[in-house]
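Source file: work-v8.pdb; contents: PDB, C-alpha atoms and all ligand atoms.
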```pdb
ATOM      1  CA  MET A   1     -21.273 -26.226  -3.589  1.00  0.00           C
ATOM      2  CA  ASN A   2     -18.263 -27.018  -1.443  1.00  0.00           C
ATOM      3  CA  GLN A   3     -16.775 -23.555  -1.060  1.00  0.00           C
ATOM      4  CA  ASP A   4     -15.796 -21.747   2.109  1.00  0.00           C
ATOM      5  CA  PHE A   5     -17.444 -18.354   2.454  1.00  0.00           C
ATOM      6  CA  ILE A   6     -15.510 -15.761   4.399  1.00  0.00           C
ATOM      7  CA  HIS A   7     -16.176 -14.572   7.891  1.00  0.00           C
ATOM      8  CA  THR A   8     -14.346 -11.312   8.033  1.00  0.00           C
ATOM      9  CA  TYR A   9     -13.868  -8.029   9.821  1.00  0.00           C
ATOM     10  CA  VAL A  10     -14.381  -4.806   7.913  1.00  0.00           C
ATOM     11  CA  SER A  11     -12.372  -1.654   8.454  1.00  0.00           C
ATOM     12  CA  VAL A  12     -12.027   1.822   6.988  1.00  0.00           C
ATOM     13  CA  ASP A  13      -8.800   3.626   6.137  1.00  0.00           C
ATOM     14  CA  CYS A  14      -8.568   7.332   5.389  1.00  0.00           C
ATOM     15  CA  VAL A  15      -6.024   9.050   3.147  1.00  0.00           C
ATOM     16  CA  VAL A  16      -6.107  12.733   4.127  1.00  0.00           C
ATOM     17  CA  PHE A  17      -4.358  15.083   1.693  1.00  0.00           C
ATOM     18  CA  GLY A  18      -2.864  18.491   2.488  1.00  0.00           C
ATOM     19  CA  PHE A  19      -0.823  20.987   0.426  1.00  0.00           C
ATOM     20  CA  ASP A  20       2.213  22.463   2.213  1.00  0.00           C
ATOM     21  CA  HIS A  21       4.046  25.813   2.073  1.00  0.00           C
ATOM     22  CA  ASP A  22       6.667  24.320  -0.253  1.00  0.00           C
ATOM     23  CA  ASN A  23       3.849  23.426  -2.639  1.00  0.00           C
ATOM     24  CA  ARG A  24       4.078  19.694  -2.031  1.00  0.00           C
ATOM     25  CA  LEU A  25       1.243  17.252  -1.564  1.00  0.00           C
ATOM     26  CA  ASN A  26       1.267  15.646   1.901  1.00  0.00           C
ATOM     27  CA  ILE A  27      -0.782  12.996   3.671  1.00  0.00           C
ATOM     28  CA  LEU A  28      -1.552  12.461   7.342  1.00  0.00           C
ATOM     29  CA  LEU A  29      -0.032   9.433   9.083  1.00  0.00           C
ATOM     30  CA  VAL A  30      -0.504   8.263  12.667  1.00  0.00           C
ATOM     31  CA  HIS A  31       1.608   6.072  14.940  1.00  0.00           C
ATOM     32  CA  ARG A  32       0.657   2.678  16.294  1.00  0.00           C
ATOM     33  CA  SER A  33       2.742   1.197  19.050  1.00  0.00           C
ATOM     34  CA  ILE A  34       3.850  -2.420  19.112  1.00  0.00           C
ATOM     35  CA  ASP A  35       6.726  -3.566  21.314  1.00  0.00           C
ATOM     36  CA  ASP A  36       9.994  -4.432  19.583  1.00  0.00           C
ATOM     37  CA  VAL A  37       9.251  -2.322  16.506  1.00  0.00           C
ATOM     38  CA  PRO A  38      11.360   0.867  16.103  1.00  0.00           C
ATOM     39  CA  ALA A  39       9.353   4.121  16.331  1.00  0.00           C
ATOM     40  CA  ASP A  40      10.064   5.113  12.699  1.00  0.00           C
ATOM     41  CA  LYS A  41       8.479   1.826  11.511  1.00  0.00           C
ATOM     42  CA  GLN A  42       5.236   2.366  13.397  1.00  0.00           C
ATOM     43  CA  ARG A  43       3.464   4.757  11.070  1.00  0.00           C
ATOM     44  CA  LYS A  44       0.188   3.888   9.388  1.00  0.00           C
ATOM     45  CA  LEU A  45      -2.907   5.342   7.777  1.00  0.00           C
ATOM     46  CA  PRO A  46      -5.613   6.354  10.227  1.00  0.00           C
ATOM     47  CA  GLY A  47      -8.313   3.706  10.288  1.00  0.00           C
ATOM     48  CA  SER A  48     -10.549   1.533  12.422  1.00  0.00           C
ATOM     49  CA  LEU A  49     -12.571  -1.638  12.421  1.00  0.00           C
ATOM     50  CA  ILE A  50     -16.251  -0.859  11.890  1.00  0.00           C
ATOM     51  CA  PHE A  51     -18.591  -1.362  14.844  1.00  0.00           C
ATOM     52  CA  SER A  52     -21.332  -3.923  14.333  1.00  0.00           C
ATOM     53  CA  ASN A  53     -24.056  -1.231  14.375  1.00  0.00           C
ATOM     54  CA  GLU A  54     -22.193   1.314  12.259  1.00  0.00           C
ATOM     55  CA  ASP A  55     -22.531   2.294   8.607  1.00  0.00           C
ATOM     56  CA  VAL A  56     -19.223   2.300   6.714  1.00  0.00           C
ATOM     57  CA  ASP A  57     -19.434   6.034   5.854  1.00  0.00           C
ATOM     58  CA  ASP A  58     -20.190   6.840   9.503  1.00  0.00           C
ATOM     59  CA  ALA A  59     -17.086   4.873  10.523  1.00  0.00           C
ATOM     60  CA  ALA A  60     -14.976   6.952   8.123  1.00  0.00           C
ATOM     61  CA  HIS A  61     -16.450  10.190   9.536  1.00  0.00           C
ATOM     62  CA  ARG A  62     -15.686   8.921  13.036  1.00  0.00           C
ATOM     63  CA  VAL A  63     -12.077   8.121  12.121  1.00  0.00           C
ATOM     64  CA  LEU A  64     -11.591  11.585  10.619  1.00  0.00           C
ATOM     65  CA  HIS A  65     -13.109  13.258  13.656  1.00  0.00           C
ATOM     66  CA  GLU A  66     -10.960  11.223  16.068  1.00  0.00           C
ATOM     67  CA  LEU A  67      -7.970  12.054  13.888  1.00  0.00           C
ATOM     68  CA  THR A  68      -8.371  15.809  13.441  1.00  0.00           C
ATOM     69  CA  GLY A  69     -11.060  17.065  15.803  1.00  0.00           C
ATOM     70  CA  ILE A  70     -12.713  18.660  12.743  1.00  0.00           C
ATOM     71  CA  LYS A  71     -16.460  18.021  12.581  1.00  0.00           C
ATOM     72  CA  LYS A  72     -17.118  18.226   8.848  1.00  0.00           C
ATOM     73  CA  MET A  73     -14.561  17.156   6.273  1.00  0.00           C
ATOM     74  CA  VAL A  74     -14.862  16.315   2.599  1.00  0.00           C
ATOM     75  CA  LEU A  75     -14.931  12.545   2.279  1.00  0.00           C
ATOM     76  CA  LYS A  76     -14.994  10.231  -0.723  1.00  0.00           C
ATOM     77  CA  GLN A  77     -15.131   6.453  -0.673  1.00  0.00           C
ATOM     78  CA  PHE A  78     -12.931   5.232  -3.509  1.00  0.00           C
ATOM     79  CA  LYS A  79     -12.096   1.540  -3.289  1.00  0.00           C
ATOM     80  CA  CYS A  80     -12.412  -1.653  -1.315  1.00  0.00           C
ATOM     81  CA  PHE A  81      -9.186  -3.570  -0.589  1.00  0.00           C
ATOM     82  CA  ALA A  82      -9.812  -7.260   0.032  1.00  0.00           C
ATOM     83  CA  ASP A  83      -6.643  -9.212  -0.703  1.00  0.00           C
ATOM     84  CA  PRO A  84      -6.939 -12.314   1.554  1.00  0.00           C
ATOM     85  CA  LEU A  85      -3.341 -11.720   2.707  1.00  0.00           C
ATOM     86  CA  ARG A  86      -3.547  -7.958   3.388  1.00  0.00           C
ATOM     87  CA  ALA A  87      -3.673  -8.414   7.181  1.00  0.00           C
ATOM     88  CA  SER A  88      -1.658 -11.598   7.502  1.00  0.00           C
ATOM     89  CA  ASN A  89       1.741 -10.118   8.362  1.00  0.00           C
ATOM     90  CA  GLN A  90       2.815 -11.209  11.886  1.00  0.00           C
ATOM     91  CA  SER A  91       3.340  -7.667  13.192  1.00  0.00           C
ATOM     92  CA  ASP A  92      -0.072  -6.612  11.820  1.00  0.00           C
ATOM     93  CA  ILE A  93      -1.742  -9.617  13.491  1.00  0.00           C
ATOM     94  CA  LYS A  94       0.065  -8.673  16.701  1.00  0.00           C
ATOM     95  CA  TRP A  95      -1.146  -5.072  16.370  1.00  0.00           C
ATOM     96  CA  MET A  96      -4.761  -6.149  15.857  1.00  0.00           C
ATOM     97  CA  GLY A  97      -4.380  -8.333  18.968  1.00  0.00           C
ATOM     98  CA  THR A  98      -3.204  -5.334  20.999  1.00  0.00           C
ATOM     99  CA  GLU A  99      -5.787  -2.910  19.652  1.00  0.00           C
ATOM    100  CA  TYR A 100      -8.829  -5.176  19.263  1.00  0.00           C
ATOM    101  CA  MET A 101      -8.775  -8.948  19.786  1.00  0.00           C
ATOM    102  CA  HIS A 102      -6.618 -11.926  18.998  1.00  0.00           C
ATOM    103  CA  ASN A 103      -6.384 -13.932  15.792  1.00  0.00           C
ATOM    104  CA  ILE A 104      -7.666 -11.315  13.369  1.00  0.00           C
ATOM    105  CA  ASP A 105      -5.883 -12.137  10.136  1.00  0.00           C
ATOM    106  CA  ARG A 106      -8.509 -11.323   7.527  1.00  0.00           C
ATOM    107  CA  ILE A 107      -9.890  -7.816   7.146  1.00  0.00           C
ATOM    108  CA  ILE A 108     -11.547  -6.135   4.197  1.00  0.00           C
ATOM    109  CA  THR A 109     -10.970  -2.395   4.239  1.00  0.00           C
ATOM    110  CA  VAL A 110     -12.904   0.381   2.538  1.00  0.00           C
ATOM    111  CA  ALA A 111     -10.623   3.281   1.598  1.00  0.00           C
ATOM    112  CA  TYR A 112     -11.586   6.951   1.707  1.00  0.00           C
ATOM    113  CA  LEU A 113     -10.029  10.157   0.473  1.00  0.00           C
ATOM    114  CA  SER A 114     -10.236  13.365   2.411  1.00  0.00           C
ATOM    115  CA  LEU A 115      -8.839  16.871   2.074  1.00  0.00           C
ATOM    116  CA  CYS A 116      -7.613  19.231   4.764  1.00  0.00           C
ATOM    117  CA  LYS A 117      -6.018  22.674   4.762  1.00  0.00           C
ATOM    118  CA  ILE A 118      -2.493  22.059   6.016  1.00  0.00           C
ATOM    119  CA  ASP A 119      -2.505  25.081   8.336  1.00  0.00           C
ATOM    120  CA  GLN A 120      -5.662  23.761  10.038  1.00  0.00           C
ATOM    121  CA  LYS A 121      -4.996  22.903  13.689  1.00  0.00           C
ATOM    122  CA  ILE A 122      -5.165  19.110  14.195  1.00  0.00           C
ATOM    123  CA  ASN A 123      -6.694  18.179  17.541  1.00  0.00           C
ATOM    124  CA  SER A 124      -6.764  14.407  17.684  1.00  0.00           C
ATOM    125  CA  THR A 125      -8.799  12.798  20.447  1.00  0.00           C
ATOM    126  CA  LYS A 126      -7.410   9.346  19.635  1.00  0.00           C
ATOM    127  CA  TYR A 127      -3.815   9.587  18.424  1.00  0.00           C
ATOM    128  CA  GLU A 128      -0.842  11.031  20.318  1.00  0.00           C
ATOM    129  CA  THR A 129       1.064  11.621  17.095  1.00  0.00           C
ATOM    130  CA  VAL A 130      -0.430  12.783  13.823  1.00  0.00           C
ATOM    131  CA  ASP A 131       2.096  13.975  11.198  1.00  0.00           C
ATOM    132  CA  TRP A 132       2.037  15.339   7.669  1.00  0.00           C
ATOM    133  CA  HIS A 133       4.301  13.443   5.236  1.00  0.00           C
ATOM    134  CA  PRO A 134       5.190  14.552   1.690  1.00  0.00           C
ATOM    135  CA  ILE A 135       3.550  12.041  -0.631  1.00  0.00           C
ATOM    136  CA  ASP A 136       6.872  11.207  -2.328  1.00  0.00           C
ATOM    137  CA  GLN A 137       8.558  10.432   1.027  1.00  0.00           C
ATOM    138  CA  VAL A 138       6.054   8.072   2.583  1.00  0.00           C
ATOM    139  CA  PRO A 139       7.904   5.276   4.466  1.00  0.00           C
ATOM    140  CA  ALA A 140       7.078   1.549   4.225  1.00  0.00           C
ATOM    141  CA  LEU A 141       3.738   1.125   6.005  1.00  0.00           C
ATOM    142  CA  PRO A 142       1.871  -1.861   7.481  1.00  0.00           C
ATOM    143  CA  PHE A 143      -0.975  -3.790   5.871  1.00  0.00           C
ATOM    144  CA  ASP A 144      -1.394  -2.628   2.245  1.00  0.00           C
ATOM    145  CA  HIS A 145      -1.331   1.045   3.223  1.00  0.00           C
ATOM    146  CA  ASN A 146       1.310   2.005   0.624  1.00  0.00           C
ATOM    147  CA  LYS A 147      -0.878   0.476  -2.079  1.00  0.00           C
ATOM    148  CA  ILE A 148      -3.932   2.348  -0.770  1.00  0.00           C
ATOM    149  CA  ILE A 149      -1.985   5.630  -0.880  1.00  0.00           C
ATOM    150  CA  ASN A 150      -0.809   5.007  -4.460  1.00  0.00           C
ATOM    151  CA  GLU A 151      -4.324   4.297  -5.622  1.00  0.00           C
ATOM    152  CA  SER A 152      -5.658   7.339  -3.753  1.00  0.00           C
ATOM    153  CA  LEU A 153      -3.379   9.551  -5.860  1.00  0.00           C
ATOM    154  CA  THR A 154      -4.933   8.271  -9.058  1.00  0.00           C
ATOM    155  CA  GLU A 155      -8.325   8.833  -7.509  1.00  0.00           C
ATOM    156  CA  ILE A 156      -7.719  12.419  -6.344  1.00  0.00           C
ATOM    157  CA  ARG A 157      -6.464  13.277  -9.861  1.00  0.00           C
ATOM    158  CA  ARG A 158      -9.629  11.868 -11.378  1.00  0.00           C
ATOM    159  CA  TRP A 159     -11.746  13.704  -8.817  1.00  0.00           C
ATOM    160  CA  ILE A 160     -10.201  17.099  -9.608  1.00  0.00           C
ATOM    161  CA  GLU A 161     -10.912  16.654 -13.304  1.00  0.00           C
ATOM    162  CA  THR A 162     -14.602  16.078 -12.580  1.00  0.00           C
ATOM    163  CA  ASP A 163     -15.009  18.613  -9.771  1.00  0.00           C
ATOM    164  CA  PHE A 164     -12.447  21.412  -9.855  1.00  0.00           C
ATOM    165  CA  SER A 165     -13.891  23.008  -6.695  1.00  0.00           C
ATOM    166  CA  ILE A 166     -12.392  20.356  -4.411  1.00  0.00           C
ATOM    167  CA  ILE A 167      -8.958  21.894  -5.024  1.00  0.00           C
ATOM    168  CA  PHE A 168      -9.999  24.830  -2.805  1.00  0.00           C
ATOM    169  CA  GLU A 169     -10.379  22.484   0.177  1.00  0.00           C
ATOM    170  CA  LEU A 170      -6.579  22.196   0.090  1.00  0.00           C
ATOM    171  CA  LEU A 171      -5.715  25.866  -0.334  1.00  0.00           C
ATOM    172  CA  PRO A 172      -5.716  28.531   2.388  1.00  0.00           C
ATOM    173  CA  LYS A 173      -8.819  30.799   2.371  1.00  0.00           C
ATOM    174  CA  LYS A 174      -6.847  33.456   0.503  1.00  0.00           C
ATOM    175  CA  PHE A 175      -4.372  32.196  -2.077  1.00  0.00           C
ATOM    176  CA  THR A 176      -2.272  33.402  -4.986  1.00  0.00           C
ATOM    177  CA  ILE A 177      -2.721  32.203  -8.570  1.00  0.00           C
ATOM    178  CA  ARG A 178       0.779  30.698  -8.361  1.00  0.00           C
ATOM    179  CA  GLN A 179      -0.284  28.535  -5.396  1.00  0.00           C
ATOM    180  CA  LEU A 180      -3.405  27.435  -7.260  1.00  0.00           C
ATOM    181  CA  TYR A 181      -1.300  26.702 -10.354  1.00  0.00           C
ATOM    182  CA  GLN A 182       1.260  24.676  -8.409  1.00  0.00           C
ATOM    183  CA  LEU A 183      -1.396  22.632  -6.677  1.00  0.00           C
ATOM    184  CA  TYR A 184      -3.251  22.031  -9.935  1.00  0.00           C
ATOM    185  CA  SER A 185       0.012  21.009 -11.652  1.00  0.00           C
ATOM    186  CA  SER A 186       0.880  18.539  -8.901  1.00  0.00           C
ATOM    187  CA  LEU A 187      -2.550  16.963  -9.149  1.00  0.00           C
ATOM    188  CA  SER A 188      -3.465  17.049 -12.786  1.00  0.00           C
ATOM    189  CA  GLU A 189      -1.967  14.989 -15.564  1.00  0.00           C
ATOM    190  CA  LYS A 190      -2.955  17.691 -18.041  1.00  0.00           C
ATOM    191  CA  ARG A 191      -0.280  20.328 -18.631  1.00  0.00           C
ATOM    192  CA  ILE A 192      -1.078  24.020 -18.955  1.00  0.00           C
ATOM    193  CA  ASP A 193       1.397  26.905 -18.963  1.00  0.00           C
ATOM    194  CA  ILE A 194       1.158  29.518 -16.236  1.00  0.00           C
ATOM    195  CA  LYS A 195       0.181  32.351 -18.629  1.00  0.00           C
ATOM    196  CA  ASN A 196      -2.760  30.420 -20.079  1.00  0.00           C
ATOM    197  CA  PHE A 197      -3.689  29.289 -16.594  1.00  0.00           C
ATOM    198  CA  HIS A 198      -3.747  32.917 -15.405  1.00  0.00           C
ATOM    199  CA  LYS A 199      -5.904  33.933 -18.362  1.00  0.00           C
ATOM    200  CA  LYS A 200      -8.319  31.091 -17.788  1.00  0.00           C
ATOM    201  CA  ILE A 201      -8.584  31.729 -14.067  1.00  0.00           C
ATOM    202  CA  SER A 202      -9.298  35.468 -14.574  1.00  0.00           C
ATOM    203  CA  SER A 203     -12.322  34.465 -16.648  1.00  0.00           C
ATOM    204  CA  PHE A 204     -13.848  32.466 -13.775  1.00  0.00           C
ATOM    205  CA  SER A 205     -16.341  34.521 -11.810  1.00  0.00           C
ATOM    206  CA  TYR A 206     -15.986  32.273  -8.754  1.00  0.00           C
ATOM    207  CA  ILE A 207     -12.307  33.156  -8.196  1.00  0.00           C
ATOM    208  CA  ILE A 208     -12.497  36.603  -6.648  1.00  0.00           C
ATOM    209  CA  PRO A 209      -9.513  39.012  -6.532  1.00  0.00           C
ATOM    210  CA  LEU A 210      -8.949  40.566  -3.113  1.00  0.00           C
ATOM    211  CA  GLU A 211      -7.619  44.022  -2.275  1.00  0.00           C
ATOM    212  CA  GLU A 212      -4.615  42.389  -0.645  1.00  0.00           C
ATOM    213  CA  ILE A 213      -1.163  41.404  -1.837  1.00  0.00           C
ATOM    214  CA  GLU A 214       1.596  39.218  -0.377  1.00  0.00           C
ATOM    215  CA  THR A 215       4.000  40.837   2.075  1.00  0.00           C
ATOM    216  CA  ASN A 216       7.595  39.928   3.032  1.00  0.00           C
ATOM    217  CA  VAL A 217       8.324  38.051  -0.181  1.00  0.00           C
ATOM    218  CA  SER A 218      11.555  38.226  -2.188  1.00  0.00           C
ATOM    219  CA  HIS A 219       9.738  38.061  -5.559  1.00  0.00           C
ATOM    220  CA  ARG A 220       7.125  40.511  -6.883  1.00  0.00           C
ATOM    221  CA  ALA A 221       4.232  40.495  -4.417  1.00  0.00           C
ATOM    222  CA  ALA A 222       1.232  38.670  -5.873  1.00  0.00           C
ATOM    223  CA  ARG A 223      -2.451  39.417  -5.367  1.00  0.00           C
ATOM    224  CA  TYR A 224      -4.577  37.171  -3.153  1.00  0.00           C
ATOM    225  CA  TYR A 225      -7.799  35.579  -4.360  1.00  0.00           C
ATOM    226  CA  ARG A 226     -10.640  33.705  -2.709  1.00  0.00           C
ATOM    227  CA  PHE A 227     -12.981  30.974  -3.926  1.00  0.00           C
ATOM    228  CA  ASP A 228     -16.738  31.615  -3.927  1.00  0.00           C
ATOM    229  CA  ALA A 229     -18.531  28.263  -3.634  1.00  0.00           C
ATOM    230  CA  LYS A 230     -22.005  29.735  -4.275  1.00  0.00           C
ATOM    231  CA  ILE A 231     -20.993  31.300  -7.593  1.00  0.00           C
ATOM    232  CA  TYR A 232     -19.194  28.066  -8.540  1.00  0.00           C
ATOM    233  CA  LYS A 233     -22.308  25.989  -7.937  1.00  0.00           C
ATOM    234  CA  LYS A 234     -24.340  28.255 -10.213  1.00  0.00           C
ATOM    235  CA  ASN A 235     -21.748  28.340 -12.930  1.00  0.00           C
ATOM    236  CA  ASN A 236     -19.586  25.239 -12.847  1.00  0.00           C
ATOM    237  CA  THR A 237     -16.827  25.497 -15.461  1.00  0.00           C
ATOM    238  CA  ARG A 238     -14.106  22.923 -16.104  1.00  0.00           C
ATOM    239  CA  LEU A 239     -10.574  24.284 -16.074  1.00  0.00           C
ATOM    240  CA  ILE A 240      -9.461  22.318 -19.123  1.00  0.00           C
ATOM    241  CA  LYS A 241     -11.962  20.573 -21.339  1.00  0.00           C
TER     242      LYS A 241
HETATM  243  O1  LIG A 301      -6.596   1.429  12.092  1.00  0.00           O
HETATM  244  P1  LIG A 301      -6.542   0.475  13.231  1.00  0.00           P
HETATM  245  O2  LIG A 301      -7.587   0.731  14.255  1.00  0.00           O
HETATM  246  O3  LIG A 301      -5.190   0.384  13.793  1.00  0.00           O
HETATM  247  O4  LIG A 301      -6.806  -0.982  12.674  1.00  0.00           O
HETATM  248  C1  LIG A 301      -7.622  -1.207  11.620  1.00  0.00           C
HETATM  249  C2  LIG A 301      -6.744  -1.601  10.491  1.00  0.00           C
HETATM  250  O5  LIG A 301      -7.221  -2.768   9.945  1.00  0.00           O
HETATM  251  C3  LIG A 301      -6.850  -2.811   8.612  1.00  0.00           C
HETATM  252  O6  LIG A 301      -7.778  -3.391   7.784  1.00  0.00           O
HETATM  253  C4  LIG A 301      -6.772  -1.434   8.184  1.00  0.00           C
HETATM  254  O7  LIG A 301      -5.872  -1.221   7.174  1.00  0.00           O
HETATM  255  C5  LIG A 301      -6.705  -0.584   9.400  1.00  0.00           C
HETATM  256  O8  LIG A 301      -5.645   0.303   9.404  1.00  0.00           O
END
```

Any chance you could give the structure as structure tokens?
Ligand SMILES: O=P(O)(O)OC[C@H]1O[C@@H](O)[C@H](O)[C@@H]1O
Amino acid sequence: MNQDFIHTYVSVDCVVFGFDHDNRLNILLVHRSIDDVPADKQRKLPGSLIFSNEDVDDAAHRVLHELTGIKKMVLKQFKCFADPLRASNQSDIKWMGTEYMHNIDRIITVAYLSLCKIDQKINSTKYETVDWHPIDQVPALPFDHNKIINESLTEIRRWIETDFSIIFELLPKKFTIRQLYQLYSSLSEKRIDIKNFHKKISSFSYIIPLEEIETNVSHRAARYYRFDAKIYKKNNTRLIK
């Protein structure tokens, strides 16, 4: 056989989702810094090359920890991106030269999804700038990061249909049914009206009403609820079959 087998670097990239106060899905982006490139064109997904003695999942945990300062975050590996040209852009080669070593122009990356409450304090040990960006306003990014983000959306939707409990990773500890509904609607392709949603949710023993209602709101104050993971585990019910 006269084929060339690849010698390649492997990296991880993490798409971290958050749900903001305007009920929009956001993702976390970081800044790289290469000379001659304007600051607003320097954003990217958080990622890293994998160390030679590191497991790929451990590398993803490391990236998330360096990104947020949070020790334990939900993490799901969803796809490997291996287009031979994904790291061949001149500014990306230049970046890899600045950050790692010269002449890296072939990298296979393993993409991960993660979820973070948007009001959680982000304490990055690695990046000076870590920003939330609404998913529908993500700028043009280096490598194939826009493609990774698009595919991560399909993946998070699939994930919520198989494990509804992951939605609570994105909501504050106490939430209203409207917030839960809006998040579910932005993530699910299945449509459900708010009345039916309310009815369905009230039948779930793992969504617990609290003795607390919203304050300082212009509409009718809504009750807060909390999610009980232990009850959910015992009695896992799909929202829509
Ligand atoms: O994330 P840094 O450390 O900048 O470089 C690794 C990059 O290498 C590429 O495969 C990835 O997409 C990743 O973003």

Once you count only C-alpha atoms and all ligand atoms, which residues end up within 10 Å of ligand LIG 301 (chain A), and could you hand them over as a PyMOL selection string?
chain A and resi 9-14+30-33+44-50+63+81-82+86-87+92-93+95-100+104-111+141-145+148

Of the residues A:Leu170, A:Leu187, A:Leu28, A:Ile122, which is the one nearest to Arg43 in chain A, using all atoms listed in the file?
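Among the listed residues, the smallest separation from Arg43 in chain A belongs to A:Leu28.
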
For this file, the PyMOL selection byres (((chain A and resi 208) around 10) and not hetatm) selects which residues, as a PyMOL selection string?
chain A and resi 174+201-202+204-207+209-211+224-228

Of the residues A:Gln182, A:Thr215, A:Ser91, A:His133, which is the one nearest to Val37 in chain A, using all atoms listed in the file?
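Using all atoms listed in the file, Val37 in chain A sits closest to A:Ser91.
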
Can you pull out every residue within 8 Å of range 189-195 of chain A, counting only C-alpha atoms, but drop anything in the same chain fewer than 6 positions away, and send it as a short mmCIF file (atom, residue, chain, number, x, y, z; two decimals) with C-alpha atoms, in the coordinates of the input?
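Now in result26.cif:
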```cif
data_model
loop_
_atom_site.label_atom_id
_atom_site.label_comp_id
_atom_site.auth_asym_id
_atom_site.auth_seq_id
_atom_site.Cartn_x
_atom_site.Cartn_y
_atom_site.Cartn_z
CA ARG A 157 -6.46 13.28 -9.86
CA ARG A 178 0.78 30.70 -8.36
CA TYR A 181 -1.30 26.70 -10.35
#
```

Atomic separation - CA of Lys173 in chain A relative to CA of Arg24 in chain A, Å
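Value for the CA of Arg24 in chain A-CA of Lys173 in chain A distance: 17.6 Å.
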
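Between CA of Asn146 in chain A and CA of Asp131 in chain A the interatomic distance comes to 16.0 Å.
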
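Put simply, CA of Trp132 in chain A is 6.4 Å away from CA of Leu29 in chain A.
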
Among listed residues A:Ser124, A:Phe17, A:Asp36, A:Leu115, nearest Leu67 in chain A (using all atoms listed in the file)
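Checking each candidate against Leu67 in chain A, we get A:Ser124 as the closest.
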
For the structure shown, which residues end up in the PyMOL selection byres (((chain A and resi 64) around 10) and not hetatm)? Put them as a PyMOL selection string, please?
chain A and resi 13-16+46-47+58-63+65-75+114+124

Counting all atoms listed in the file, which of A:Ser52, A:Gln42, A:Gln3, A:Asn150 gets nearest to Lys79 in chain A?
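Once distances to Lys79 in chain A are computed over all atoms listed in the file, the minimum belongs to A:Asn150.
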